[in-house]
Amino acid sequence: MNIKTIKNLAFICAAVILVSCTISKPSEIPWTDLFDKTSMDGWMSTNGQNTFSVVDEKLVSEGNHSVLYYTGAVNGAIFRNFEFSADVFTTPGSQAAIYFHWSNPESGQPTSGYAVQIDNGDGTTSGLCKTGSLTAIRDVYKTHARDNEWTNLRIVVKGKNIEVFVNNVQTVDYTEPEMIIREENLEGRYLSMGTFALEAGPGKISFRNIKIRILANDVEWEPGPEYFTPEKQHAVNTLISRGYPLIDYHVHMKGEVTLDDILDKSRRTGIFCSLAPNCGIGFPIDTNEKLEEFYSQFNDVPIFLAMQAEGREWVTTFGKASIAKYDYVFTDAMTFSDRQGNRMQIWKDEQVKIDDPQDFMELLVETIEDVLDHEKIDIYVNATFLPTVIAGDYDALWTEQRMNRVVNALARNGIALEISARYQIPSAAFIRKAKKAGVKFAFGTNNSDHDFANLDYCLAMINECNLQPDDFFFPKPHGFKPVQVK
């Protein structure tokens, strides 16, 4: 670990050339071009390795890794507070990044400041961090940007706050703490002042309309809500920087929770969120038409869309093509019939009648095995939930033999196991068994109101069960097709 303050002593002497705008509203400040559309004047490549060229008023890179940084006359190529905008055109397999506050271009590789990721891949041949991420600080795992289309990226820095927008949809709202503790490979990630750099990886990628609005050194900004204590936020930030995909896969719009609430908390805390409607007989989405309508309503939002399949009838209620549009599907075994054929929802005490706890457990485990073997799902949630009347005997009723049966069913079907923040299940013993069997894990709150993204139990299990980044589930590509260039 290396402790970094917010000051960069090497750049204090350069601060005098920073422009201090007198216009109060950033929207009134004129844009200034950083690229003249005809030449590479004002841009320099590092180490003489340049794959960029000017083609049809665009900066185009095609080939291997290359870094191009701004050295032009605008503000002496040193920027602190600003609004930056660029249009980016990616092709399948291409990757890039936009760096800002890069203070040491002579190093050849951006090691200071922050990076905004550009990657529209499906995660099979590229990283999990997608377009609009503040790389390794606020990772975005699903983007509405597409290859073979122009995408606008906008970065706004005001004081200690960084905002990122993709096609005017905000993906990041990060406020840098007063004292930063970074992992060793990220020790330069802090706000100071510096220039911009375009980093292009493999593939062909184009930039155009590269421009900036320079904001005053003392520009005002509104601090957003602090959802976590500083200690908890630090723990989350540390796990993100170590490559853990911190995702709440089990979020509902319940009570007064709105989509804006979910997105804001996700952008600010770094816990990437999902949106999962309840789908099944007796639930809000009970027809295939409603399932399609929900998908169409939220498909262009930077959030995972999940289907929570309810009851055992869902497999015949919804069409396979409609289900396949969702990023992933999850279910539980909390709805089933007892040995007399009576339908139970075991989280509702009034529906539960248990004469013999051992017989109930056998029926429950049989049901779980049947669900895992025959229902096409990605994550099994509320995994070891027990009704209130027997919940106090959790450790005694979830015997090693019963745990093994469920773990084996998860493993043989390639289904991930939810670690539930709400119910604080499964137990650490169950999680260790699943890890040993190669089962992947997914975090979920199953929120009752605004308690989504509060993953305290889940984060505790990372340490207690020695879970590593590779132990976690990530959705498979769900079938969108890039626009074909004609």
# chains A, B, ... in the order shown; residues from 1 in each chain; ligands from 1
>>> closest_atom_pairs(of="region 168-279 of chain A", to="region 57-77 of chain A", cutoff="6 Å", atoms="only C-alpha atoms", output="JSON lines")
{"residue": "A:Thr195", "atom": "CA", "partner": "A:Ala77", "partner_atom": "CA", "distance": 5.4}
{"residue": "A:Phe196", "atom": "CA", "partner": "A:Tyr70", "partner_atom": "CA", "distance": 5.6}
{"residue": "A:Ala197", "atom": "CA", "partner": "A:Tyr69", "partner_atom": "CA", "distance": 4.0}
{"residue": "A:Leu198", "atom": "CA", "partner": "A:Leu68", "partner_atom": "CA", "distance": 5.2}
{"residue": "A:Glu199", "atom": "CA", "partner": "A:Val67", "partner_atom": "CA", "distance": 4.4}
{"residue": "A:Ala200", "atom": "CA", "partner": "A:Ser66", "partner_atom": "CA", "distance": 5.3}
{"residue": "A:Gly201", "atom": "CA", "partner": "A:His65", "partner_atom": "CA", "distance": 4.3}
{"residue": "A:Pro202", "atom": "CA", "partner": "A:Asn64", "partner_atom": "CA", "distance": 4.9}
{"residue": "A:Gly203", "atom": "CA", "partner": "A:Glu62", "partner_atom": "CA", "distance": 5.6}
{"residue": "A:Lys204", "atom": "CA", "partner": "A:Glu62", "partner_atom": "CA", "distance": 4.2}
{"residue": "A:Ile205", "atom": "CA", "partner": "A:Ser61", "partner_atom": "CA", "distance": 5.4}
{"residue": "A:Ser206", "atom": "CA", "partner": "A:Val60", "partner_atom": "CA", "distance": 4.3}
{"residue": "A:Phe207", "atom": "CA", "partner": "A:Leu59", "partner_atom": "CA", "distance": 5.1}
{"residue": "A:Arg208", "atom": "CA", "partner": "A:Lys58", "partner_atom": "CA", "distance": 4.9}
>>> closest_residue(among="A:Val116, A:Ile210, A:Val157, A:Ala145", to="Asp33 (chain A)", atoms="only C-alpha atoms")
A:Ile210
>>> select_by_dssp(residues="region 152-333 of chain A", states="strand (DSSP E or B)", output="PyMOL selection string")
chain A and resi 152-158+161-166+169-175+180-182+194-200+203-214+247-248+272-275+278-279+285+304-309+328-331
>>> residues_around(residues="region 377-387 of chain A", least_positions_apart="5", cutoff="7 Å", atoms="only C-alpha atoms", output="list of chain:residue names")
A:Tyr328, A:Val329, A:Phe330, A:Thr331, A:Asp332, A:Ile346, A:Trp347, A:Asp349, A:Ile415, A:Ala416, A:Leu417, A:Glu418, A:Ser420, A:Ile425, A:Pro426
